[in-house]
Amino acid sequence: MTDPAPDRLASRHRTRLADRLEATGLLRSAAWRAAVLAVPRELFVPAFFRRSDGPQGTVWAPVQPDTQGADTWLEEVYTDETLVTQLAGGVHPGDADGPVGGEPTSSSTLPSLVVRMLEDLDPKEGARVLEIGTGTGYSTALMCHRLGGDHVTSIEYDPATAARARTAITTAGYSPRLIQSDGLKGDDDGAPYDHLIATCSVRTIPPAWLRQVKPGGTILTTVSGWLHGSGLARLTVGEDGSAFGTFLPGTVSFMIARPHAAPDLGDFSSLLRQPAEERPAHHGQEVFQEWVPLFLTQLAAPKAQRISTRVDGGPWLVHTIDVGSGSFATLVPSDDGFRVRQGGPHRLWDDVEAAIDAWKAAGSPPQSAFTLTVTPTEQRVRLDTPEGPSWTLPT
Ligand SMILES: C[S@@+](CC[C@H](N)C(=O)[O-])C[C@H]1O[C@@H](n2cnc3c(N)ncnc32)[C@H](O)[C@@H]1O
């Protein structure tokens, strides 16, 4: 007979997690509470990486029951934290003897965000949902508990992650349709769906999603980009391949869908040596630190990437670079703020400042004042004021 104590302990952790999520107001319904109480998160994160920031940068230490102790591991499994499960597109906790570097490429999203999005999606009994970004499978399992496995399809890009998720979901006793593929192509075979939820972000709404969700159905996804601005959009799909919706409150971001990831900047030194115009900047590096200004910067310079450089202990220079058009804007600290040097065919920082000035003139509204309209020919984010400026998402 197996020892029931670990199960009782995990069950107590689940109750505490559900209570905490309810106290934050993000878990709002009895149906999703029942799912949180039922799905054992420990099956989906048998091991994960714990972040630590030091003088040498960020490293990730593997956390597993046999190295950290089962109780410590289980307690961390039930924290309301994102647990990173893969680095650099292929390094898993079991591969590492100690702390390692690398960018997270798969994770179990923090439970409060998972349930918040499920509450925002609000699928009713009998609804069929397509999830993009299976990850560990935890959110897939919550949906299976609520809707039934035959109502859930989930797509994961990464083969190793998809295989691990399949094992965990099956062990937990659920049987959704699991597909290892590029979720940007969606799932023609299972369409039409009532809802689509993405737990990776996109630069633009993939056309396949618009085809595969029923008119009146919803798409819930973060829209982000190469400058890391982000917003959670909830769209209602129209009859004619269009969709419309607003951005929801909160600071929600996800790792970007792999085919939408920024290309390598390569050697940009000659680009920065082009002839440039310099002037005082009205807005400086602070735009990259604040949520809505960063989102606006992203909208105004949708194909740009940001990189910082420093020469011989001098000040950090922040470059916004659009390799495709060969344009750049460099922010240089000055005595009274920043100066900006701009070169190439587009004055990137002029566009960024115009976007931020228009938002300030509208009273600096929150992200929920922005709408997203998607048609077969264009995707446009608009500041929903009488004279609201708008920006086209990149193709
Ligand atoms: C934040 S994780 C998902 C979290 C997950 N829902 C959970 O509860 O564990 C994002 C996942 O999206 C996957 N992903 C990235 N691009 C994708 C794409 N184009 N199609 C499907 N999955 C993708 C990543 O490999 C990663 O596993």
# chains A, B, ... in the order shown; residues from 1 in each chain; ligands from 1
call {"tool": "residues_near_ligand", "arguments": {"ligand": "ligand 1", "cutoff": "9 Å", "atoms": "only C-alpha atoms and all ligand atoms", "output": "JSON, numbers by chain"}}
result
{"A": [44, 45, 82, 83, 84, 85, 86, 89, 104, 105, 106, 107, 108, 109, 110, 111, 114, 131, 132, 133, 134, 135, 136, 137, 138, 139, 140, 141, 142, 154, 155, 156, 157, 158, 159, 161, 162, 165, 179, 180, 181, 182, 183, 184, 185, 186, 198, 199, 200, 201, 202, 254, 255, 256, 257, 258, 259, 260, 261]}
call {"tool": "select_by_dssp", "arguments": {"residues": "region 61-235 of chain A", "states": "strand (DSSP E or B)", "output": "CSV table (one decimal) with all heavy atoms, in the first residue's frame"}}
result
chain,number,residue,atom,x,y,z
A,61,ALA,N,18.9,27.3,-11.0
A,61,ALA,CA,19.3,26.1,-10.3
A,61,ALA,C,18.2,25.1,-10.4
A,61,ALA,O,17.0,25.4,-10.2
A,61,ALA,CB,19.5,26.5,-8.8
A,62,PRO,N,18.5,23.8,-10.7
A,62,PRO,CA,17.5,22.8,-10.8
A,62,PRO,C,16.9,22.5,-9.4
A,62,PRO,O,17.6,22.4,-8.4
A,62,PRO,CB,18.2,21.6,-11.4
A,62,PRO,CG,19.7,21.9,-11.1
A,62,PRO,CD,19.9,23.3,-11.0
A,63,VAL,N,15.6,22.3,-9.3
A,63,VAL,CA,14.9,22.0,-8.1
A,63,VAL,C,14.2,20.7,-8.3
A,63,VAL,O,13.3,20.6,-9.2
A,63,VAL,CB,13.9,23.1,-7.6
A,63,VAL,CG1,13.2,22.6,-6.3
A,63,VAL,CG2,14.6,24.4,-7.5
A,83,LEU,N,7.0,28.5,-12.9
A,83,LEU,CA,8.1,27.5,-12.7
A,83,LEU,C,8.7,27.2,-14.0
A,83,LEU,O,8.0,26.6,-14.9
A,83,LEU,CB,7.6,26.3,-11.9
A,83,LEU,CG,7.0,26.6,-10.5
A,83,LEU,CD1,6.4,25.3,-9.9
A,83,LEU,CD2,8.0,27.2,-9.6
A,84,VAL,N,9.9,27.6,-14.2
A,84,VAL,CA,10.6,27.4,-15.5
A,84,VAL,C,11.0,25.9,-15.6
A,84,VAL,O,11.6,25.4,-14.7
A,84,VAL,CB,11.8,28.3,-15.7
A,84,VAL,CG1,12.6,28.0,-16.9
A,84,VAL,CG2,11.3,29.8,-15.7
A,85,THR,N,10.6,25.3,-16.8
A,85,THR,CA,10.9,23.9,-16.9
A,85,THR,C,11.8,23.6,-18.1
A,85,THR,O,12.2,22.4,-18.3
A,85,THR,CB,9.6,23.1,-17.1
A,85,THR,OG1,8.8,23.8,-18.2
A,85,THR,CG2,8.7,23.1,-15.9
A,86,GLN,N,12.1,24.6,-18.9
A,86,GLN,CA,13.1,24.4,-20.0
A,86,GLN,C,13.8,25.7,-20.3
A,86,GLN,O,13.2,26.8,-20.3
A,86,GLN,CB,12.3,23.9,-21.3
A,86,GLN,CG,13.2,23.5,-22.4
A,86,GLN,CD,12.5,23.4,-23.8
A,86,GLN,OE1,11.9,24.4,-24.3
A,86,GLN,NE2,12.4,22.2,-24.3
A,87,LEU,N,15.1,25.6,-20.6
A,87,LEU,CA,15.9,26.7,-21.0
A,87,LEU,C,16.5,26.5,-22.4
A,87,LEU,O,16.7,25.3,-22.8
A,87,LEU,CB,17.1,26.9,-20.0
A,87,LEU,CG,16.8,27.2,-18.5
A,87,LEU,CD1,18.0,27.0,-17.7
A,87,LEU,CD2,16.2,28.6,-18.3
A,91,VAL,N,17.2,22.5,-22.6
A,91,VAL,CA,17.8,22.1,-21.4
A,91,VAL,C,16.8,22.0,-20.3
A,91,VAL,O,16.0,22.9,-20.0
A,91,VAL,CB,18.9,23.2,-20.9
A,91,VAL,CG1,19.5,22.8,-19.6
A,91,VAL,CG2,19.9,23.4,-22.0
A,100,VAL,N,22.7,26.9,-14.1
A,100,VAL,CA,23.0,27.0,-15.6
A,100,VAL,C,22.4,28.3,-16.1
A,100,VAL,O,21.5,28.9,-15.5
A,100,VAL,CB,22.5,25.8,-16.4
A,100,VAL,CG1,23.3,24.6,-16.2
A,100,VAL,CG2,21.0,25.6,-16.2
A,104,PRO,N,14.5,31.2,-20.6
A,104,PRO,CA,13.4,30.2,-20.4
A,104,PRO,C,12.6,30.0,-21.7
A,104,PRO,O,12.4,31.0,-22.4
A,104,PRO,CB,12.5,30.9,-19.4
A,104,PRO,CG,13.3,31.9,-18.7
A,104,PRO,CD,14.4,32.3,-19.6
A,105,THR,N,12.4,28.8,-22.1
A,105,THR,CA,11.6,28.5,-23.3
A,105,THR,C,10.3,27.7,-23.0
A,105,THR,O,9.5,27.5,-23.9
A,105,THR,CB,12.5,27.8,-24.4
A,105,THR,OG1,13.2,26.8,-23.7
A,105,THR,CG2,13.4,28.8,-25.1
A,106,SER,N,10.2,27.2,-21.8
A,106,SER,CA,8.9,26.6,-21.4
A,106,SER,C,8.8,26.7,-19.9
A,106,SER,O,9.8,26.7,-19.2
A,106,SER,CB,8.8,25.1,-21.9
A,106,SER,OG,7.5,24.7,-21.7
A,107,SER,N,7.5,26.8,-19.4
A,107,SER,CA,7.3,26.9,-18.0
A,107,SER,C,5.9,26.5,-17.7
A,107,SER,O,5.0,26.4,-18.6
A,107,SER,CB,7.5,28.4,-17.6
A,107,SER,OG,6.6,29.2,-18.3
A,108,SER,N,5.6,26.4,-16.4
A,108,SER,CA,4.3,26.3,-15.9
A,108,SER,C,3.9,27.7,-15.4
A,108,SER,O,4.5,28.2,-14.4
A,108,SER,CB,4.2,25.3,-14.7
A,108,SER,OG,2.9,25.3,-14.1
A,129,VAL,N,-12.5,24.1,-26.6
A,129,VAL,CA,-11.5,25.1,-26.5
A,129,VAL,C,-10.2,24.6,-27.1
A,129,VAL,O,-9.8,23.4,-27.0
A,129,VAL,CB,-11.2,25.4,-25.0
A,129,VAL,CG1,-10.0,26.4,-24.8
A,129,VAL,CG2,-12.4,25.9,-24.3
A,130,LEU,N,-9.5,25.5,-27.9
A,130,LEU,CA,-8.2,25.2,-28.4
A,130,LEU,C,-7.2,26.1,-27.7
A,130,LEU,O,-7.3,27.3,-27.6
A,130,LEU,CB,-8.2,25.6,-29.9
A,130,LEU,CG,-6.8,25.5,-30.6
A,130,LEU,CD1,-6.3,24.1,-30.6
A,130,LEU,CD2,-6.9,26.0,-32.1
A,131,GLU,N,-6.2,25.3,-27.1
A,131,GLU,CA,-5.2,26.0,-26.3
A,131,GLU,C,-3.9,26.0,-27.1
A,131,GLU,O,-3.5,25.0,-27.7
A,131,GLU,CB,-4.9,25.3,-25.0
A,131,GLU,CG,-3.8,25.9,-24.2
A,131,GLU,CD,-3.4,25.1,-22.9
A,131,GLU,OE1,-3.3,23.9,-23.0
A,131,GLU,OE2,-3.3,25.7,-21.9
A,132,ILE,N,-3.2,27.1,-27.2
A,132,ILE,CA,-1.9,27.2,-27.9
A,132,ILE,C,-0.8,27.4,-26.8
A,132,ILE,O,-0.8,28.3,-26.1
A,132,ILE,CB,-1.9,28.4,-28.9
A,132,ILE,CG1,-3.1,28.5,-29.7
A,132,ILE,CG2,-0.6,28.4,-29.7
A,132,ILE,CD1,-3.3,27.3,-30.7
A,152,VAL,N,-11.3,19.6,-25.2
A,152,VAL,CA,-10.1,20.4,-25.1
A,152,VAL,C,-9.0,19.9,-26.1
A,152,VAL,O,-8.8,18.7,-26.2
A,152,VAL,CB,-9.5,20.3,-23.7
A,152,VAL,CG1,-8.2,21.1,-23.6
A,152,VAL,CG2,-10.5,20.9,-22.6
A,153,THR,N,-8.5,20.8,-26.9
A,153,THR,CA,-7.3,20.5,-27.7
A,153,THR,C,-6.2,21.4,-27.4
A,153,THR,O,-6.4,22.6,-27.1
A,153,THR,CB,-7.7,20.7,-29.2
A,153,THR,OG1,-8.7,19.8,-29.6
A,153,THR,CG2,-6.5,20.4,-30.1
A,154,SER,N,-5.0,20.9,-27.3
A,154,SER,CA,-3.9,21.8,-26.9
A,154,SER,C,-2.7,21.5,-27.9
A,154,SER,O,-2.4,20.3,-28.2
A,154,SER,CB,-3.5,21.5,-25.5
A,154,SER,OG,-2.5,22.5,-25.1
A,155,ILE,N,-2.0,22.6,-28.3
A,155,ILE,CA,-0.9,22.4,-29.3
A,155,ILE,C,0.4,22.9,-28.6
A,155,ILE,O,0.4,24.0,-28.1
A,155,ILE,CB,-1.2,23.2,-30.5
A,155,ILE,CG1,-2.6,22.9,-31.1
A,155,ILE,CG2,-0.1,23.0,-31.6
A,155,ILE,CD1,-2.9,23.7,-32.4
A,156,GLU,N,1.4,22.1,-28.7
A,156,GLU,CA,2.7,22.6,-28.2
A,156,GLU,C,3.8,22.4,-29.3
A,156,GLU,O,3.8,21.4,-30.0
A,156,GLU,CB,3.1,21.7,-27.0
A,156,GLU,CG,4.6,21.8,-26.5
A,156,GLU,CD,5.0,23.2,-26.1
A,156,GLU,OE1,4.2,23.9,-25.4
A,156,GLU,OE2,6.1,23.6,-26.6
A,177,ARG,N,-7.2,16.2,-26.7
A,177,ARG,CA,-6.5,16.0,-28.0
A,177,ARG,C,-5.2,16.8,-27.9
A,177,ARG,O,-5.2,18.0,-27.7
A,177,ARG,CB,-7.4,16.5,-29.1
A,177,ARG,CG,-7.0,15.9,-30.4
A,177,ARG,CD,-8.2,15.9,-31.4
A,177,ARG,NE,-7.6,16.1,-32.7
A,177,ARG,CZ,-7.7,17.3,-33.3
A,177,ARG,NH1,-8.3,18.3,-32.7
A,177,ARG,NH2,-7.1,17.5,-34.4
A,178,LEU,N,-4.1,16.1,-28.0
A,178,LEU,CA,-2.8,16.8,-27.8
A,178,LEU,C,-2.0,16.8,-29.2
A,178,LEU,O,-1.9,15.7,-29.8
A,178,LEU,CB,-1.9,16.2,-26.8
A,178,LEU,CG,-2.5,16.3,-25.3
A,178,LEU,CD1,-1.7,15.5,-24.4
A,178,LEU,CD2,-2.5,17.7,-24.9
A,179,ILE,N,-1.6,17.9,-29.6
A,179,ILE,CA,-0.9,18.0,-30.9
A,179,ILE,C,0.4,18.7,-30.7
A,179,ILE,O,0.6,19.7,-30.0
A,179,ILE,CB,-1.8,18.9,-31.9
A,179,ILE,CG1,-3.2,18.3,-32.0
A,179,ILE,CG2,-1.1,19.0,-33.2
A,179,ILE,CD1,-4.1,19.2,-32.8
A,180,GLN,N,1.5,18.1,-31.4
A,180,GLN,CA,2.8,18.7,-31.4
A,180,GLN,C,3.0,19.3,-32.7
A,180,GLN,O,3.1,18.7,-33.8
A,180,GLN,CB,3.9,17.6,-31.1
A,180,GLN,CG,5.2,18.3,-30.9
A,180,GLN,CD,6.0,18.3,-32.1
A,180,GLN,OE1,6.3,17.3,-32.8
A,180,GLN,NE2,6.5,19.5,-32.5
A,193,TYR,N,-13.9,26.0,-33.2
A,193,TYR,CA,-13.8,26.0,-31.8
A,193,TYR,C,-14.7,27.2,-31.2
A,193,TYR,O,-14.9,28.2,-31.9
A,193,TYR,CB,-12.4,26.2,-31.3
A,193,TYR,CG,-11.6,24.9,-31.4
A,193,TYR,CD1,-10.8,24.7,-32.6
A,193,TYR,CD2,-11.6,23.9,-30.5
A,193,TYR,CE1,-10.1,23.5,-32.8
A,193,TYR,CE2,-10.9,22.8,-30.6
A,193,TYR,CZ,-10.1,22.6,-31.8
A,193,TYR,OH,-9.4,21.4,-31.9
A,194,ASP,N,-15.1,27.0,-30.0
A,194,ASP,CA,-15.8,28.1,-29.3
A,194,ASP,C,-14.9,29.2,-28.8
A,194,ASP,O,-15.2,30.4,-28.8
A,194,ASP,CB,-16.7,27.6,-28.2
A,194,ASP,CG,-17.8,26.7,-28.7
A,194,ASP,OD1,-18.7,27.1,-29.3
A,194,ASP,OD2,-17.6,25.4,-28.4
A,195,HIS,N,-13.7,28.7,-28.4
A,195,HIS,CA,-12.7,29.6,-27.8
A,195,HIS,C,-11.3,29.2,-28.1
A,195,HIS,O,-11.0,28.0,-28.3
A,195,HIS,CB,-12.8,29.6,-26.2
A,195,HIS,CG,-14.1,29.9,-25.7
A,195,HIS,ND1,-14.6,31.2,-25.6
A,195,HIS,CD2,-15.1,29.1,-25.2
A,195,HIS,CE1,-15.8,31.1,-25.0
A,195,HIS,NE2,-16.1,29.8,-24.8
A,196,LEU,N,-10.4,30.2,-28.2
A,196,LEU,CA,-9.0,29.9,-28.3
A,196,LEU,C,-8.2,30.7,-27.3
A,196,LEU,O,-8.5,31.9,-27.1
A,196,LEU,CB,-8.5,30.3,-29.7
A,196,LEU,CG,-7.0,30.0,-30.1
A,196,LEU,CD1,-6.8,29.7,-31.6
A,196,LEU,CD2,-6.1,31.1,-29.6
A,197,ILE,N,-7.4,30.0,-26.5
A,197,ILE,CA,-6.6,30.7,-25.5
A,197,ILE,C,-5.1,30.4,-25.8
A,197,ILE,O,-4.7,29.2,-26.0
A,197,ILE,CB,-7.0,30.2,-24.1
A,197,ILE,CG1,-6.2,30.9,-23.0
A,197,ILE,CG2,-6.9,28.7,-23.9
A,197,ILE,CD1,-6.7,30.6,-21.6
A,198,ALA,N,-4.3,31.4,-25.8
A,198,ALA,CA,-2.9,31.2,-26.0
A,198,ALA,C,-2.1,31.6,-24.8
A,198,ALA,O,-2.2,32.6,-24.2
A,198,ALA,CB,-2.4,32.1,-27.2
A,201,SER,N,2.8,34.4,-26.5
A,201,SER,CA,2.3,35.6,-27.0
A,201,SER,C,2.5,35.6,-28.5
A,201,SER,O,3.4,34.9,-29.1
A,201,SER,CB,2.9,36.8,-26.4
A,201,SER,OG,4.3,36.8,-26.7
A,202,VAL,N,1.8,36.5,-29.2
A,202,VAL,CA,2.0,36.7,-30.7
A,202,VAL,C,2.2,38.1,-31.0
A,202,VAL,O,1.8,39.0,-30.3
A,202,VAL,CB,0.8,36.1,-31.4
A,202,VAL,CG1,0.7,34.6,-31.4
A,202,VAL,CG2,-0.5,36.7,-30.9
A,213,VAL,N,-12.1,29.8,-35.1
A,213,VAL,CA,-13.0,30.1,-34.0
A,213,VAL,C,-14.3,30.5,-34.6
A,213,VAL,O,-14.3,31.3,-35.6
A,213,VAL,CB,-12.4,31.2,-33.1
A,213,VAL,CG1,-13.4,31.6,-32.0
A,213,VAL,CG2,-11.1,30.6,-32.4
A,214,LYS,N,-15.4,30.0,-34.0
A,214,LYS,CA,-16.7,30.3,-34.5
A,214,LYS,C,-17.1,31.8,-34.4
A,214,LYS,O,-16.6,32.4,-33.5
A,214,LYS,CB,-17.8,29.6,-33.7
A,214,LYS,CG,-17.9,28.1,-33.8
A,214,LYS,CD,-18.9,27.6,-32.8
A,214,LYS,CE,-18.9,26.1,-32.8
A,214,LYS,NZ,-19.7,25.5,-31.7
A,215,PRO,N,-17.9,32.3,-35.3
A,215,PRO,CA,-18.4,33.7,-35.2
A,215,PRO,C,-19.0,33.8,-33.8
A,215,PRO,O,-19.8,32.9,-33.4
A,215,PRO,CB,-19.4,33.8,-36.3
A,215,PRO,CG,-19.0,32.9,-37.3
A,215,PRO,CD,-18.4,31.7,-36.6
A,216,GLY,N,-18.7,34.8,-33.0
A,216,GLY,CA,-19.2,35.0,-31.7
A,216,GLY,C,-18.3,34.4,-30.6
A,216,GLY,O,-18.4,34.6,-29.4
A,217,GLY,N,-17.3,33.5,-31.1
A,217,GLY,CA,-16.4,32.9,-30.1
A,217,GLY,C,-15.3,33.9,-29.8
A,217,GLY,O,-15.2,35.0,-30.3
A,218,THR,N,-14.4,33.4,-28.8
A,218,THR,CA,-13.4,34.4,-28.3
A,218,THR,C,-12.0,33.8,-28.5
A,218,THR,O,-11.8,32.6,-28.5
A,218,THR,CB,-13.6,34.6,-26.8
A,218,THR,OG1,-13.9,33.4,-26.2
A,218,THR,CG2,-14.6,35.7,-26.5
A,219,ILE,N,-11.1,34.8,-28.7
A,219,ILE,CA,-9.7,34.6,-28.8
A,219,ILE,C,-9.1,35.4,-27.6
A,219,ILE,O,-9.3,36.6,-27.5
A,219,ILE,CB,-9.1,35.0,-30.1
A,219,ILE,CG1,-9.6,34.2,-31.3
A,219,ILE,CG2,-7.5,34.9,-30.1
A,219,ILE,CD1,-9.2,34.7,-32.6
A,220,LEU,N,-8.4,34.7,-26.7
A,220,LEU,CA,-7.7,35.3,-25.6
A,220,LEU,C,-6.2,35.1,-25.7
A,220,LEU,O,-5.7,34.0,-25.7
A,220,LEU,CB,-8.2,34.8,-24.3
A,220,LEU,CG,-7.7,35.4,-23.0
A,220,LEU,CD1,-8.3,36.8,-22.9
A,220,LEU,CD2,-8.1,34.6,-21.8
A,221,THR,N,-5.5,36.2,-26.0
A,221,THR,CA,-4.1,36.1,-26.2
A,221,THR,C,-3.3,37.3,-25.8
A,221,THR,O,-3.9,38.4,-25.9
A,221,THR,CB,-3.8,35.8,-27.7
A,221,THR,OG1,-2.4,35.5,-27.9
A,221,THR,CG2,-4.2,36.9,-28.6
A,222,THR,N,-2.1,37.1,-25.5
A,222,THR,CA,-1.2,38.3,-25.3
A,222,THR,C,-0.6,38.7,-26.6
A,222,THR,O,-0.2,37.9,-27.4
A,222,THR,CB,-0.1,38.1,-24.3
A,222,THR,OG1,0.5,36.8,-24.5
A,222,THR,CG2,-0.5,38.3,-22.9
A,223,VAL,N,-0.6,40.0,-26.9
A,223,VAL,CA,0.0,40.6,-28.1
A,223,VAL,C,1.3,41.2,-27.6
A,223,VAL,O,1.3,42.1,-26.7
A,223,VAL,CB,-0.9,41.6,-28.8
A,223,VAL,CG1,-0.2,42.2,-30.0
A,223,VAL,CG2,-2.2,40.9,-29.2
A,224,SER,N,2.4,40.8,-28.1
A,224,SER,CA,3.7,41.4,-27.7
A,224,SER,C,4.6,41.6,-28.9
A,224,SER,O,4.1,41.6,-30.0
A,224,SER,CB,4.3,40.4,-26.6
A,224,SER,OG,4.9,39.3,-27.3
A,230,SER,N,3.7,44.4,-24.0
A,230,SER,CA,2.7,43.3,-24.0
A,230,SER,C,1.4,43.7,-23.5
A,230,SER,O,1.3,44.7,-22.7
A,230,SER,CB,3.3,42.2,-23.1
A,230,SER,OG,2.3,41.1,-23.0
A,231,GLY,N,0.3,43.1,-24.0
A,231,GLY,CA,-1.0,43.3,-23.5
A,231,GLY,C,-1.9,42.1,-23.8
A,231,GLY,O,-1.7,41.4,-24.8
A,232,LEU,N,-2.8,41.8,-22.8
A,232,LEU,CA,-3.7,40.7,-23.0
A,232,LEU,C,-5.0,41.1,-23.7
A,232,LEU,O,-5.7,42.0,-23.1
A,232,LEU,CB,-4.1,40.1,-21.6
A,232,LEU,CG,-5.0,39.0,-21.5
A,232,LEU,CD1,-4.5,37.7,-22.3
A,232,LEU,CD2,-5.4,38.6,-20.1
A,233,ALA,N,-5.2,40.6,-24.9
A,233,ALA,CA,-6.4,41.0,-25.6
A,233,ALA,C,-7.5,39.9,-25.6
A,233,ALA,O,-7.1,38.7,-25.7
A,233,ALA,CB,-6.0,41.3,-27.1
A,234,ARG,N,-8.7,40.3,-25.5
A,234,ARG,CA,-9.8,39.4,-25.6
A,234,ARG,C,-10.7,39.8,-26.8
A,234,ARG,O,-11.3,40.9,-26.8
A,234,ARG,CB,-10.7,39.3,-24.4
A,234,ARG,CG,-11.8,38.3,-24.5
A,234,ARG,CD,-12.5,38.1,-23.2
A,234,ARG,NE,-13.0,39.3,-22.6
A,234,ARG,CZ,-13.4,39.5,-21.4
A,234,ARG,NH1,-13.3,38.4,-20.5
A,234,ARG,NH2,-13.8,40.6,-20.9
A,235,LEU,N,-10.7,39.0,-27.8
A,235,LEU,CA,-11.4,39.4,-29.1
A,235,LEU,C,-12.6,38.5,-29.3
A,235,LEU,O,-12.6,37.3,-29.0
A,235,LEU,CB,-10.4,39.1,-30.3
A,235,LEU,CG,-9.0,39.8,-30.2
A,235,LEU,CD1,-8.1,39.3,-31.3
A,235,LEU,CD2,-9.1,41.3,-30.2
call {"tool": "closest_residue", "arguments": {"among": "A:Ala369, A:Val374, A:Ala361, A:Leu272", "to": "Asp322 (chain A)", "atoms": "only C-alpha atoms"}}
result
A:Leu272
call {"tool": "residues_around", "arguments": {"residues": "Asp384 (chain A)", "least_positions_apart": "2", "cutoff": "7 Å", "atoms": "only C-alpha atoms", "output": "VMD selection string"}}
result
chain A and resid 369 to 371 382 386 388
call {"tool": "write_last_selection", "arguments": {"atoms": "N, CA and C atoms", "output": "compact mmCIF listing (two decimals), in the first residue's frame"}}
result
# COMPACT_ATOMS: atom_id res chain seq x y z
N ALA A 369 -7.93 50.89 -22.20
CA ALA A 369 -8.50 51.89 -23.12
C ALA A 369 -8.10 51.62 -24.56
N PHE A 370 -7.33 50.56 -24.80
CA PHE A 370 -6.90 50.25 -26.16
C PHE A 370 -7.77 49.13 -26.73
N THR A 371 -8.07 49.21 -28.03
CA THR A 371 -8.83 48.15 -28.70
C THR A 371 -7.96 47.54 -29.79
N ARG A 382 -5.98 50.61 -31.38
CA ARG A 382 -6.44 52.00 -31.33
C ARG A 382 -6.61 52.42 -29.87
N PRO A 386 -12.03 59.80 -28.62
CA PRO A 386 -12.62 60.37 -29.85
C PRO A 386 -11.57 60.59 -30.95
N GLY A 388 -8.65 59.08 -31.02
CA GLY A 388 -7.64 58.07 -30.72
C GLY A 388 -6.69 57.78 -31.86
call {"tool": "closest_residue", "arguments": {"among": "A:Asp188, A:Asp357, A:Asp7, A:Asp19", "to": "Leu43 (chain A)", "atoms": "only C-alpha atoms"}}
result
A:Asp7
call {"tool": "select_by_dssp", "arguments": {"residues": "region 78-200 of chain A", "states": "alpha helix (DSSP H)", "output": "ChimeraX atom specification"}}
result
/A:111-121,138-147,159-171
call {"tool": "residues_around", "arguments": {"residues": "Thr330 (chain A)", "least_positions_apart": "3", "cutoff": "9 Å", "atoms": "only C-alpha atoms", "output": "number ranges by chain"}}
result
A: 272, 317-321, 339-343, 349
call {"tool": "residues_around", "arguments": {"residues": "Asp80 (chain A)", "least_positions_apart": "5", "cutoff": "12 Å", "atoms": "only C-alpha atoms", "output": "list in words"}}
result
His13, Arg14, Arg16, Leu17, Ala18, Asp19, Arg20, Leu21, Thr24, Leu26, Arg41, Glu75, Ser108, Thr109, Leu110, Pro111, Ser112, Leu113, Val114 and Val115 of chain A
call {"tool": "atom_distance", "arguments": {"atom1": "CA of Pro176 (chain A)", "atom2": "CA of Ser11 (chain A)"}}
result
23.6 Å
